[in-house]
$ cat run_11.pdb   # PDB, C-alpha atoms and all ligand atoms
ATOM      1  CA  MET K   1      44.044 -38.128  31.011
ATOM      2  CA  LEU K   2      45.994 -36.053  28.442
ATOM      3  CA  LEU K   3      46.154 -32.293  28.758
ATOM      4  CA  ALA K   4      45.438 -30.031  25.757
ATOM      5  CA  TYR K   5      48.291 -29.895  23.254
ATOM      6  CA  HIS K   6      50.060 -26.530  23.054
ATOM      7  CA  TYR K   7      52.185 -25.750  20.002
ATOM      8  CA  ARG K   8      53.505 -22.224  20.577
ATOM      9  CA  GLY K   9      57.202 -22.011  21.439
ATOM     10  CA  LYS K  10      57.783 -25.755  21.096
ATOM     11  CA  THR K  11      60.075 -27.291  18.471
ATOM     12  CA  ALA K  12      59.064 -29.747  15.750
ATOM     13  CA  LEU K  13      61.480 -31.743  13.607
ATOM     14  CA  ILE K  14      59.901 -32.690  10.264
ATOM     15  CA  THR K  15      61.559 -35.167   7.906
ATOM     16  CA  GLY K  16      60.647 -34.808   4.232
ATOM     17  CA  ALA K  17      59.722 -31.151   4.765
ATOM     18  CA  SER K  18      60.694 -30.091   1.239
ATOM     19  CA  SER K  19      57.412 -31.118  -0.423
ATOM     20  CA  GLY K  20      53.949 -32.634  -0.052
ATOM     21  CA  ILE K  21      52.658 -33.599   3.376
ATOM     22  CA  GLY K  22      55.869 -32.615   5.193
ATOM     23  CA  LEU K  23      55.764 -29.127   3.690
ATOM     24  CA  ALA K  24      52.099 -28.783   4.706
ATOM     25  CA  PHE K  25      53.032 -29.813   8.285
ATOM     26  CA  ALA K  26      55.742 -27.131   8.299
ATOM     27  CA  GLN K  27      53.294 -24.443   7.182
ATOM     28  CA  ALA K  28      50.576 -25.484   9.651
ATOM     29  CA  LEU K  29      52.944 -25.719  12.627
ATOM     30  CA  ALA K  30      54.689 -22.424  11.833
ATOM     31  CA  ALA K  31      51.244 -20.781  11.774
ATOM     32  CA  ARG K  32      50.680 -22.203  15.289
ATOM     33  CA  GLY K  33      53.934 -20.630  16.523
ATOM     34  CA  MET K  34      56.218 -23.684  16.585
ATOM     35  CA  GLN K  35      59.972 -23.501  15.948
ATOM     36  CA  LEU K  36      60.946 -25.866  13.153
ATOM     37  CA  ILE K  37      63.803 -28.140  12.132
ATOM     38  CA  LEU K  38      63.300 -28.939   8.446
ATOM     39  CA  VAL K  39      64.985 -32.056   7.058
ATOM     40  CA  ALA K  40      65.250 -33.496   3.522
ATOM     41  CA  ARG K  41      67.832 -33.745   0.716
ATOM     42  CA  SER K  42      66.732 -30.692  -1.320
ATOM     43  CA  GLU K  43      68.719 -27.950   0.358
ATOM     44  CA  GLU K  44      67.497 -25.069  -1.801
ATOM     45  CA  ARG K  45      63.838 -25.921  -1.270
ATOM     46  CA  LEU K  46      64.326 -26.226   2.495
ATOM     47  CA  ARG K  47      66.206 -22.908   2.698
ATOM     48  CA  HIS K  48      63.510 -21.153   0.719
ATOM     49  CA  LEU K  49      60.753 -22.619   2.908
ATOM     50  CA  ALA K  50      62.614 -21.747   6.124
ATOM     51  CA  SER K  51      63.071 -18.114   5.169
ATOM     52  CA  GLU K  52      59.455 -17.807   3.999
ATOM     53  CA  LEU K  53      58.157 -19.242   7.323
ATOM     54  CA  ARG K  54      60.509 -17.073   9.421
ATOM     55  CA  GLU K  55      59.316 -13.979   7.610
ATOM     56  CA  ARG K  56      55.614 -14.820   7.633
ATOM     57  CA  HIS K  57      55.282 -16.212  11.182
ATOM     58  CA  GLY K  58      58.283 -14.795  13.083
ATOM     59  CA  ILE K  59      59.424 -18.288  14.083
ATOM     60  CA  GLN K  60      62.879 -19.901  14.080
ATOM     61  CA  ALA K  61      63.426 -22.452  11.337
ATOM     62  CA  GLU K  62      66.597 -24.539  11.018
ATOM     63  CA  VAL K  63      67.533 -26.518   7.926
ATOM     64  CA  ILE K  64      69.387 -29.832   8.103
ATOM     65  CA  VAL K  65      70.204 -31.564   4.827
ATOM     66  CA  SER K  66      70.246 -35.339   5.138
ATOM     67  CA  ASP K  67      69.690 -38.414   3.013
ATOM     68  CA  LEU K  68      67.895 -40.553   5.572
ATOM     69  CA  SER K  69      68.127 -43.714   3.487
ATOM     70  CA  ARG K  70      71.836 -43.979   4.308
ATOM     71  CA  GLU K  71      73.045 -46.220   7.143
ATOM     72  CA  GLY K  72      73.463 -44.156  10.321
ATOM     73  CA  ALA K  73      71.906 -41.010   8.812
ATOM     74  CA  ALA K  74      69.212 -40.664  11.487
ATOM     75  CA  THR K  75      71.769 -40.954  14.277
ATOM     76  CA  GLN K  76      73.919 -38.275  12.598
ATOM     77  CA  LEU K  77      70.836 -36.088  12.254
ATOM     78  CA  ALA K  78      70.032 -36.427  15.966
ATOM     79  CA  ARG K  79      73.654 -35.496  16.742
ATOM     80  CA  ALA K  80      73.405 -32.414  14.521
ATOM     81  CA  VAL K  81      70.234 -31.404  16.403
ATOM     82  CA  ARG K  82      71.985 -31.785  19.787
ATOM     83  CA  GLU K  83      75.013 -29.820  18.564
ATOM     84  CA  ARG K  84      72.670 -26.932  17.732
ATOM     85  CA  GLY K  85      71.408 -27.060  21.339
ATOM     86  CA  LEU K  86      67.874 -27.862  20.197
ATOM     87  CA  ASN K  87      65.238 -29.969  21.975
ATOM     88  CA  VAL K  88      62.661 -31.730  19.840
ATOM     89  CA  ASP K  89      59.145 -31.666  21.322
ATOM     90  CA  LEU K  90      57.379 -33.059  18.267
ATOM     91  CA  LEU K  91      59.049 -35.507  15.884
ATOM     92  CA  ILE K  92      57.320 -35.975  12.530
ATOM     93  CA  ASN K  93      58.710 -39.006  10.702
ATOM     94  CA  ASN K  94      57.240 -38.147   7.323
ATOM     95  CA  ALA K  95      59.959 -38.749   4.695
ATOM     96  CA  GLY K  96      59.161 -41.810   2.619
ATOM     97  CA  PHE K  97      58.601 -43.106  -0.867
ATOM     98  CA  GLY K  98      57.044 -46.060  -2.642
ATOM     99  CA  THR K  99      57.940 -48.524  -5.365
ATOM    100  CA  TYR K 100      55.381 -49.992  -7.707
ATOM    101  CA  GLY K 101      55.342 -52.978 -10.050
ATOM    102  CA  PRO K 102      55.963 -56.743  -9.942
ATOM    103  CA  PHE K 103      58.358 -57.525  -7.082
ATOM    104  CA  ALA K 104      60.784 -59.540  -9.240
ATOM    105  CA  GLU K 105      61.181 -56.600 -11.621
ATOM    106  CA  GLN K 106      61.978 -54.038  -8.932
ATOM    107  CA  SER K 107      65.509 -52.853  -8.230
ATOM    108  CA  ALA K 108      66.684 -54.610  -5.067
ATOM    109  CA  GLU K 109      68.876 -51.591  -4.284
ATOM    110  CA  ARG K 110      65.946 -49.186  -4.580
ATOM    111  CA  GLU K 111      63.729 -51.329  -2.346
ATOM    112  CA  HIS K 112      66.550 -51.574   0.205
ATOM    113  CA  GLU K 113      66.690 -47.761   0.158
ATOM    114  CA  GLU K 114      62.893 -47.695   0.628
ATOM    115  CA  ILE K 115      63.105 -49.874   3.746
ATOM    116  CA  MET K 116      66.029 -47.809   5.083
ATOM    117  CA  LEU K 117      64.014 -44.587   4.743
ATOM    118  CA  ASN K 118      60.467 -45.720   5.565
ATOM    119  CA  VAL K 119      61.445 -48.031   8.438
ATOM    120  CA  THR K 120      65.061 -47.878   9.664
ATOM    121  CA  ALA K 121      65.444 -44.094   9.746
ATOM    122  CA  LEU K 122      62.039 -43.747  11.418
ATOM    123  CA  VAL K 123      62.966 -46.185  14.203
ATOM    124  CA  ASP K 124      66.510 -44.761  14.605
ATOM    125  CA  LEU K 125      65.264 -41.197  14.882
ATOM    126  CA  THR K 126      62.582 -42.192  17.380
ATOM    127  CA  HIS K 127      65.239 -44.052  19.424
ATOM    128  CA  ALA K 128      67.472 -40.990  19.382
ATOM    129  CA  LEU K 129      64.838 -38.411  20.361
ATOM    130  CA  LEU K 130      62.295 -40.221  22.539
ATOM    131  CA  PRO K 131      64.408 -40.606  25.735
ATOM    132  CA  ALA K 132      64.698 -36.804  26.145
ATOM    133  CA  MET K 133      60.923 -36.476  25.708
ATOM    134  CA  LEU K 134      60.400 -39.106  28.399
ATOM    135  CA  ALA K 135      62.828 -37.316  30.710
ATOM    136  CA  ARG K 136      60.809 -34.102  30.245
ATOM    137  CA  GLY K 137      57.563 -36.025  30.809
ATOM    138  CA  GLU K 138      56.094 -34.758  27.545
ATOM    139  CA  GLY K 139      56.578 -35.121  23.825
ATOM    140  CA  ALA K 140      54.954 -36.333  20.645
ATOM    141  CA  VAL K 141      55.772 -38.435  17.601
ATOM    142  CA  ILE K 142      53.769 -38.447  14.382
ATOM    143  CA  ASN K 143      54.643 -41.260  11.969
ATOM    144  CA  LEU K 144      53.427 -41.303   8.363
ATOM    145  CA  ALA K 145      51.994 -44.735   7.670
ATOM    146  CA  SER K 146      49.363 -45.150   4.933
ATOM    147  CA  LEU K 147      46.058 -46.788   4.080
ATOM    148  CA  ALA K 148      48.432 -49.353   2.541
ATOM    149  CA  ALA K 149      49.343 -50.342   6.116
ATOM    150  CA  PHE K 150      46.100 -52.283   6.538
ATOM    151  CA  LEU K 151      46.601 -54.908   3.795
ATOM    152  CA  PRO K 152      49.256 -56.694   1.785
ATOM    153  CA  ILE K 153      49.257 -54.971  -1.625
ATOM    154  CA  PRO K 154      50.398 -56.839  -4.737
ATOM    155  CA  HIS K 155      52.768 -54.733  -6.878
ATOM    156  CA  MET K 156      53.434 -52.612  -3.798
ATOM    157  CA  ALA K 157      54.636 -55.467  -1.617
ATOM    158  CA  VAL K 158      57.573 -53.669  -0.019
ATOM    159  CA  TYR K 159      55.860 -50.295   0.342
ATOM    160  CA  ALA K 160      52.748 -51.773   2.012
ATOM    161  CA  ALA K 161      54.941 -53.867   4.324
ATOM    162  CA  THR K 162      56.961 -50.803   5.397
ATOM    163  CA  LYS K 163      53.741 -48.964   6.218
ATOM    164  CA  ALA K 164      52.320 -51.963   8.125
ATOM    165  CA  PHE K 165      55.524 -51.791  10.183
ATOM    166  CA  VAL K 166      55.013 -48.077  10.851
ATOM    167  CA  LEU K 167      51.423 -48.581  11.999
ATOM    168  CA  SER K 168      52.286 -51.525  14.262
ATOM    169  CA  PHE K 169      55.374 -49.781  15.704
ATOM    170  CA  SER K 170      53.463 -46.551  16.387
ATOM    171  CA  GLN K 171      50.561 -48.251  18.135
ATOM    172  CA  ALA K 172      52.912 -50.319  20.279
ATOM    173  CA  LEU K 173      54.721 -47.126  21.389
ATOM    174  CA  TRP K 174      51.399 -45.361  21.987
ATOM    175  CA  THR K 175      50.439 -48.178  24.343
ATOM    176  CA  GLU K 176      53.841 -48.292  26.072
ATOM    177  CA  TYR K 177      54.111 -44.567  26.766
ATOM    178  CA  ARG K 178      50.577 -43.204  26.971
ATOM    179  CA  ARG K 179      50.812 -42.840  30.764
ATOM    180  CA  GLN K 180      54.193 -41.092  30.608
ATOM    181  CA  GLY K 181      53.123 -37.909  28.837
ATOM    182  CA  LEU K 182      53.946 -39.089  25.322
ATOM    183  CA  ARG K 183      51.669 -38.935  22.301
ATOM    184  CA  VAL K 184      52.379 -41.280  19.395
ATOM    185  CA  LEU K 185      50.217 -41.064  16.291
ATOM    186  CA  ALA K 186      50.230 -43.086  13.066
ATOM    187  CA  VAL K 187      48.731 -41.175  10.132
ATOM    188  CA  CYS K 188      47.224 -43.450   7.469
ATOM    189  CA  PRO K 189      46.227 -41.412   4.418
ATOM    190  CA  GLY K 190      44.775 -42.804   1.200
ATOM    191  CA  PRO K 191      45.858 -41.012  -2.001
ATOM    192  CA  VAL K 192      47.144 -37.461  -1.410
ATOM    193  CA  ALA K 193      48.013 -34.906  -4.114
ATOM    194  CA  THR K 194      51.825 -34.824  -3.809
ATOM    195  CA  ASN K 195      54.954 -35.889  -5.741
ATOM    196  CA  PHE K 196      54.456 -39.406  -4.391
ATOM    197  CA  PHE K 197      52.831 -40.663  -7.614
ATOM    198  CA  ALA K 198      55.478 -39.182  -9.897
ATOM    199  CA  VAL K 199      58.109 -40.951  -7.810
ATOM    200  CA  ILE K 200      56.461 -44.385  -8.136
ATOM    201  CA  GLY K 201      55.559 -43.849 -11.786
ATOM    202  CA  THR K 202      51.757 -43.646 -11.642
ATOM    203  CA  SER K 203      49.310 -40.803 -11.962
ATOM    204  CA  GLN K 204      47.178 -39.643  -9.040
ATOM    205  CA  GLU K 205      44.226 -39.138 -11.439
ATOM    206  CA  ASP K 206      44.087 -42.938 -11.836
ATOM    207  CA  MET K 207      43.645 -43.581  -8.127
ATOM    208  CA  PRO K 208      40.257 -44.884  -6.943
ATOM    209  CA  GLY K 209      38.165 -42.768  -4.562
ATOM    210  CA  GLY K 210      38.847 -39.207  -3.563
ATOM    211  CA  ILE K 211      42.249 -37.605  -3.382
ATOM    212  CA  LEU K 212      42.928 -35.421  -0.370
ATOM    213  CA  SER K 213      45.166 -32.377  -0.274
ATOM    214  CA  PRO K 214      48.242 -32.430   1.985
ATOM    215  CA  GLU K 215      46.564 -29.660   4.015
ATOM    216  CA  GLN K 216      43.517 -31.893   4.695
ATOM    217  CA  VAL K 217      45.803 -34.705   5.868
ATOM    218  CA  VAL K 218      47.697 -32.347   8.174
ATOM    219  CA  ALA K 219      44.492 -30.855   9.634
ATOM    220  CA  ALA K 220      43.163 -34.368  10.435
ATOM    221  CA  SER K 221      46.544 -35.362  11.893
ATOM    222  CA  LEU K 222      46.770 -32.372  14.225
ATOM    223  CA  ARG K 223      43.192 -32.917  15.435
ATOM    224  CA  ALA K 224      44.077 -36.540  16.216
ATOM    225  CA  LEU K 225      47.315 -35.476  17.952
ATOM    226  CA  GLU K 226      45.393 -33.021  20.126
ATOM    227  CA  ARG K 227      42.953 -35.797  21.094
ATOM    228  CA  GLY K 228      45.750 -38.219  21.942
ATOM    229  CA  ARG K 229      44.732 -40.777  19.299
ATOM    230  CA  SER K 230      47.044 -43.622  18.243
ATOM    231  CA  GLN K 231      45.894 -43.658  14.621
ATOM    232  CA  VAL K 232      44.063 -41.471  12.137
ATOM    233  CA  VAL K 233      42.739 -42.310   8.659
ATOM    234  CA  PRO K 234      41.900 -38.961   7.013
ATOM    235  CA  GLY K 235      38.716 -38.896   4.898
ATOM    236  CA  LEU K 236      35.428 -40.773   5.312
ATOM    237  CA  LEU K 237      35.866 -43.096   2.319
ATOM    238  CA  ASN K 238      39.363 -44.023   3.472
ATOM    239  CA  LYS K 239      38.054 -44.691   7.002
ATOM    240  CA  LEU K 240      35.470 -47.077   5.530
ATOM    241  CA  MET K 241      38.140 -48.801   3.429
ATOM    242  CA  ALA K 242      40.402 -49.219   6.454
ATOM    243  CA  PHE K 243      37.513 -50.612   8.504
ATOM    244  CA  SER K 244      36.492 -53.030   5.729
ATOM    245  CA  THR K 245      39.942 -54.657   5.786
ATOM    246  CA  HIS K 246      39.020 -56.159   9.179
ATOM    247  CA  LEU K 247      35.990 -57.898   7.670
ATOM    248  CA  VAL K 248      37.601 -60.017   4.930
ATOM    249  CA  PRO K 249      40.455 -62.568   4.837
ATOM    250  CA  ARG K 250      43.781 -60.800   4.158
ATOM    251  CA  THR K 251      44.479 -62.638   0.894
ATOM    252  CA  LEU K 252      41.042 -61.698  -0.464
ATOM    253  CA  GLY K 253      41.633 -58.112   0.658
ATOM    254  CA  ALA K 254      45.013 -58.141  -1.087
ATOM    255  CA  ARG K 255      43.411 -59.290  -4.352
ATOM    256  CA  VAL K 256      40.772 -56.563  -4.155
ATOM    257  CA  ALA K 257      43.394 -53.903  -3.313
ATOM    258  CA  GLY K 258      45.496 -55.044  -6.279
ATOM    259  CA  SER K 259      42.551 -54.780  -8.652
ATOM    260  CA  PHE K 260      42.078 -51.097  -7.737
ATOM    261  CA  LEU K 261      45.629 -50.051  -8.558
ATOM    262  CA  PRO K 262      46.255 -47.816 -11.580
ATOM    263  CA  ARG K 263      48.509 -48.925 -14.404
ATOM    264  CA  ARG K 264      52.048 -47.582 -14.485
ATOM    265  CA  THR K 265      52.539 -44.542 -16.705
ATOM    266  CA  GLN K 266      56.331 -44.229 -16.545
ATOM    267  CA  PRO K 267      59.240 -45.987 -14.906
ATOM    268  CA  GLY K 268      59.580 -45.098 -11.202
ATOM    269  CA  ARG K 269      62.445 -42.759 -10.477
ATOM    270  CA  SER K 270      64.472 -41.804  -7.477
ATOM    271  CA  ALA K 271      62.653 -39.702  -4.890
ATOM    272  CA  ALA K 272      65.402 -37.135  -5.487
ATOM    273  CA  GLY K 273      65.181 -37.284  -9.248
ATOM    274  CA  GLY K 274      67.943 -39.873  -9.448
ATOM    275  CA  ARG K 275      70.603 -38.655  -7.027
ATOM    276  CA  SER K 276      72.726 -41.502  -5.732
ATOM    277  CA  LEU K 277      73.338 -42.172  -2.067
ATOM    278  CA  SER K 278      77.034 -41.477  -2.363
ATOM    279  CA  SER K 279      76.535 -37.991  -3.803
ATOM    280  CA  THR K 280      74.480 -36.790  -0.846
ATOM    281  CA  PRO K 281      76.240 -34.495   1.618
ATOM    282  CA  GLU K 282      76.663 -35.223   5.322
ATOM    283  CA  PRO K 283      73.982 -33.700   7.571
ATOM    284  CA  GLN K 284      74.560 -29.958   7.791
ATOM    285  CA  ALA K 285      72.836 -27.544  10.132
ATOM    286  CA  HIS K 286      72.101 -24.088   8.727
TER     287      HIS K 286
HETATM  288  N1  LIG K 301      50.890 -39.058  -1.307
HETATM  289  C1  LIG K 301      50.224 -40.135  -0.928
HETATM  290  O1  LIG K 301      49.276 -40.579  -1.613
HETATM  291  C2  LIG K 301      50.559 -40.815   0.371
HETATM  292  C3  LIG K 301      49.613 -41.702   0.929
HETATM  293  C4  LIG K 301      49.919 -42.343   2.114
HETATM  294  C5  LIG K 301      51.114 -42.108   2.759
HETATM  295  N2  LIG K 301      52.018 -41.244   2.203
HETATM  296  C6  LIG K 301      53.294 -41.039   2.921
HETATM  297  O2  LIG K 301      53.447 -39.663   3.203
HETATM  298  C7  LIG K 301      54.836 -39.361   3.367
HETATM  299  C8  LIG K 301      55.169 -38.089   2.607
HETATM  300  O3  LIG K 301      55.037 -38.333   1.216
HETATM  301  P1  LIG K 301      54.396 -37.278   0.221
HETATM  302  O4  LIG K 301      53.139 -37.859  -0.285
HETATM  303  O5  LIG K 301      54.356 -35.920   0.835
HETATM  304  O6  LIG K 301      55.445 -37.386  -0.982
HETATM  305  P2  LIG K 301      56.524 -36.340  -1.558
HETATM  306  O7  LIG K 301      55.851 -35.081  -1.958
HETATM  307  O8  LIG K 301      57.278 -37.137  -2.571
HETATM  308  O9  LIG K 301      57.449 -36.034  -0.299
HETATM  309  C9  LIG K 301      58.418 -36.933   0.164
HETATM  310  C10 LIG K 301      59.376 -36.182   1.066
HETATM  311  O10 LIG K 301      60.348 -37.117   1.558
HETATM  312  C11 LIG K 301      61.644 -36.598   1.297
HETATM  313  N3  LIG K 301      62.589 -37.671   1.047
HETATM  314  C12 LIG K 301      62.524 -38.618   0.068
HETATM  315  N4  LIG K 301      63.602 -39.412   0.128
HETATM  316  C13 LIG K 301      64.368 -38.951   1.154
HETATM  317  C14 LIG K 301      65.610 -39.347   1.704
HETATM  318  N5  LIG K 301      66.296 -40.382   1.195
HETATM  319  N6  LIG K 301      66.108 -38.665   2.765
HETATM  320  C15 LIG K 301      65.429 -37.613   3.274
HETATM  321  N7  LIG K 301      64.244 -37.191   2.804
HETATM  322  C16 LIG K 301      63.723 -37.850   1.748
HETATM  323  C17 LIG K 301      61.480 -35.715   0.062
HETATM  324  O11 LIG K 301      62.462 -34.690   0.043
HETATM  325  P3  LIG K 301      63.805 -34.684  -0.837
HETATM  326  O12 LIG K 301      63.474 -35.286  -2.168
HETATM  327  O13 LIG K 301      64.152 -33.241  -0.859
HETATM  328  O14 LIG K 301      64.770 -35.487  -0.046
HETATM  329  C18 LIG K 301      60.118 -35.085   0.343
HETATM  330  O15 LIG K 301      60.259 -33.967   1.176
HETATM  331  C19 LIG K 301      55.592 -40.609   2.883
HETATM  332  O16 LIG K 301      56.030 -41.343   4.009
HETATM  333  C20 LIG K 301      54.543 -41.390   2.115
HETATM  334  O17 LIG K 301      54.792 -42.776   2.110
HETATM  335  C21 LIG K 301      51.759 -40.584   1.028
END

$ encode --input "run_11.pdb" --output "structure tokens"
Amino acid sequence: MLLAYHYRGKTALITGASSGIGLAFAQALAARGMQLILVARSEERLRHLASELRERHGIQAEVIVSDLSREGAATQLARAVRERGLNVDLLINNAGFGTYGPFAEQSAEREHEEIMLNVTALVDLTHALLPAMLARGEGAVINLASLAAFLPIPHMAVYAATKAFVLSFSQALWTEYRRQGLRVLAVCPGPVATNFFAVIGTSQEDMPGGILSPEQVVAASLRALERGRSQVVPGLLNKLMAFSTHLVPRTLGARVAGSFLPRRTQPGRSAAGGRSLSSTPEPQAH
């Protein structure tokens, strides 16, 4: 049986902490007294957030700038964490983005980057940080999957497949390590009011059903973490949608999911507003 989860004094590493759900995790965990390691590409935003959280909550907050879609970036990040003498008690693999539109029209390079960030970096970082958690006999990993993890989604083929990977991977680890003091949680939100839609080139107003705030997603995630769950789908309507995917053949579900998608309002752009991989600095601890 799992003991209650205590936040105060522990350290959380959050990828994609510069906006949206990752930023909401940072705020919620700082308010609970956790020390933070904030990771993303937008250095200025991370620095601003870190100083605001230090001032407001009296916690320590480190900033590490990293483009996690680059080969080996997660391993370099883990090394930078070790060099700072930090232990990670809670790893939140949140950084991610989507692509949207007919598969044949998508940039192969961009979708490669999507898989590197949503899948490869998440696995590499978990590989790098999980052994120390096991050695301590306690630790936690929260992975951002999506409602898109439950079905193949036409026009989001790669994104939905990356999130199906995250859900499957997380639940396998939950099962492997649940008796060794580790918590592993996959968070599967439906639409959330963040930059996500601007990045894929749609508008969140066009999404079916309710849109949750990042704060609602984080509150549901932390409740699920505390209860030792393997998966959480925030929001009642989203829970029903996730459940309904088990009742119909997958190809029928895929057709229905595709029919709900909004039309594209603008071409998708880079999650960093177009910065190229090569222009991103090496991980730096601040
Ligand atoms: N919003 C939704 O409707 C929704 C629904 C289900 C699941 N999700 C998942 O939730 C997670 C968070 O997304 P969000 O909705 O909060 O979107 P967001 O506001 O666009 O945040 C994405 C975060 O990821 C970071 N990021 C993007 N590319 C990166 C890279 N190459 N290296 C390092 N960091 C990178 C961004 O920071 P920088 O640009 O500063 O690097 C940002 O902090 C994603 O995994 C997403 O798939 C979102």

$ resolve_selection --input "run_11.pdb" --expression "the PyMOL selection byres (((not hetatm)) within 6 of (chain K and resi 301))" --output "number ranges by chain"
K: 16-22, 40-42, 66-69, 94-97, 117, 144-146, 189-196, 271-272

$ resolve_selection --input "run_11.pdb" --expression "the PyMOL selection byres (((chain K and resi 120) around 10) and not hetatm)" --output "MDAnalysis selection string"
chainID K and resid 68:74 113:119 121:126 162

$ write_last_selection --input "run_11.pdb" --atoms "C-alpha atoms" --output "PDB file, in the frame of the given file"
ATOM      1  CA  LEU K  68      67.895 -40.553   5.572  1.00  0.00           C
ATOM      2  CA  SER K  69      68.127 -43.714   3.487  1.00  0.00           C
ATOM      3  CA  ARG K  70      71.836 -43.979   4.308  1.00  0.00           C
ATOM      4  CA  GLU K  71      73.045 -46.220   7.143  1.00  0.00           C
ATOM      5  CA  GLY K  72      73.463 -44.156  10.321  1.00  0.00           C
ATOM      6  CA  ALA K  73      71.906 -41.010   8.812  1.00  0.00           C
ATOM      7  CA  ALA K  74      69.212 -40.664  11.487  1.00  0.00           C
ATOM      8  CA  GLU K 113      66.690 -47.761   0.158  1.00  0.00           C
ATOM      9  CA  GLU K 114      62.893 -47.695   0.628  1.00  0.00           C
ATOM     10  CA  ILE K 115      63.105 -49.874   3.746  1.00  0.00           C
ATOM     11  CA  MET K 116      66.029 -47.809   5.083  1.00  0.00           C
ATOM     12  CA  LEU K 117      64.014 -44.587   4.743  1.00  0.00           C
ATOM     13  CA  ASN K 118      60.467 -45.720   5.565  1.00  0.00           C
ATOM     14  CA  VAL K 119      61.445 -48.031   8.438  1.00  0.00           C
ATOM     15  CA  ALA K 121      65.444 -44.094   9.746  1.00  0.00           C
ATOM     16  CA  LEU K 122      62.039 -43.747  11.418  1.00  0.00           C
ATOM     17  CA  VAL K 123      62.966 -46.185  14.203  1.00  0.00           C
ATOM     18  CA  ASP K 124      66.510 -44.761  14.605  1.00  0.00           C
ATOM     19  CA  LEU K 125      65.264 -41.197  14.882  1.00  0.00           C
ATOM     20  CA  THR K 126      62.582 -42.192  17.380  1.00  0.00           C
ATOM     21  CA  THR K 162      56.961 -50.803   5.397  1.00  0.00           C
TER      22      THR K 162
END

$ atom_distance --input "run_11.pdb" --atom1 "CA of Ala148 in chain K" --atom2 "CA of Glu109 in chain K"
21.7 Å

$ resolve_selection --input "run_11.pdb" --expression "the PyMOL selection byres (((chain K and resi 130-135) around 9) and not hetatm)" --output "list of chain:residue names"
K:Asn87, K:Val88, K:Asp89, K:Leu90, K:Leu91, K:Leu125, K:Thr126, K:His127, K:Ala128, K:Leu129, K:Arg136, K:Gly137, K:Glu138, K:Gly139, K:Ala140, K:Val141, K:Tyr177, K:Gln180, K:Gly181, K:Leu182

$ closest_residue --input "run_11.pdb" --among "K:Gln171, K:Asn93, K:Arg227, K:Arg179" --to "His6 in chain K" --atoms "only C-alpha atoms"
K:Arg227
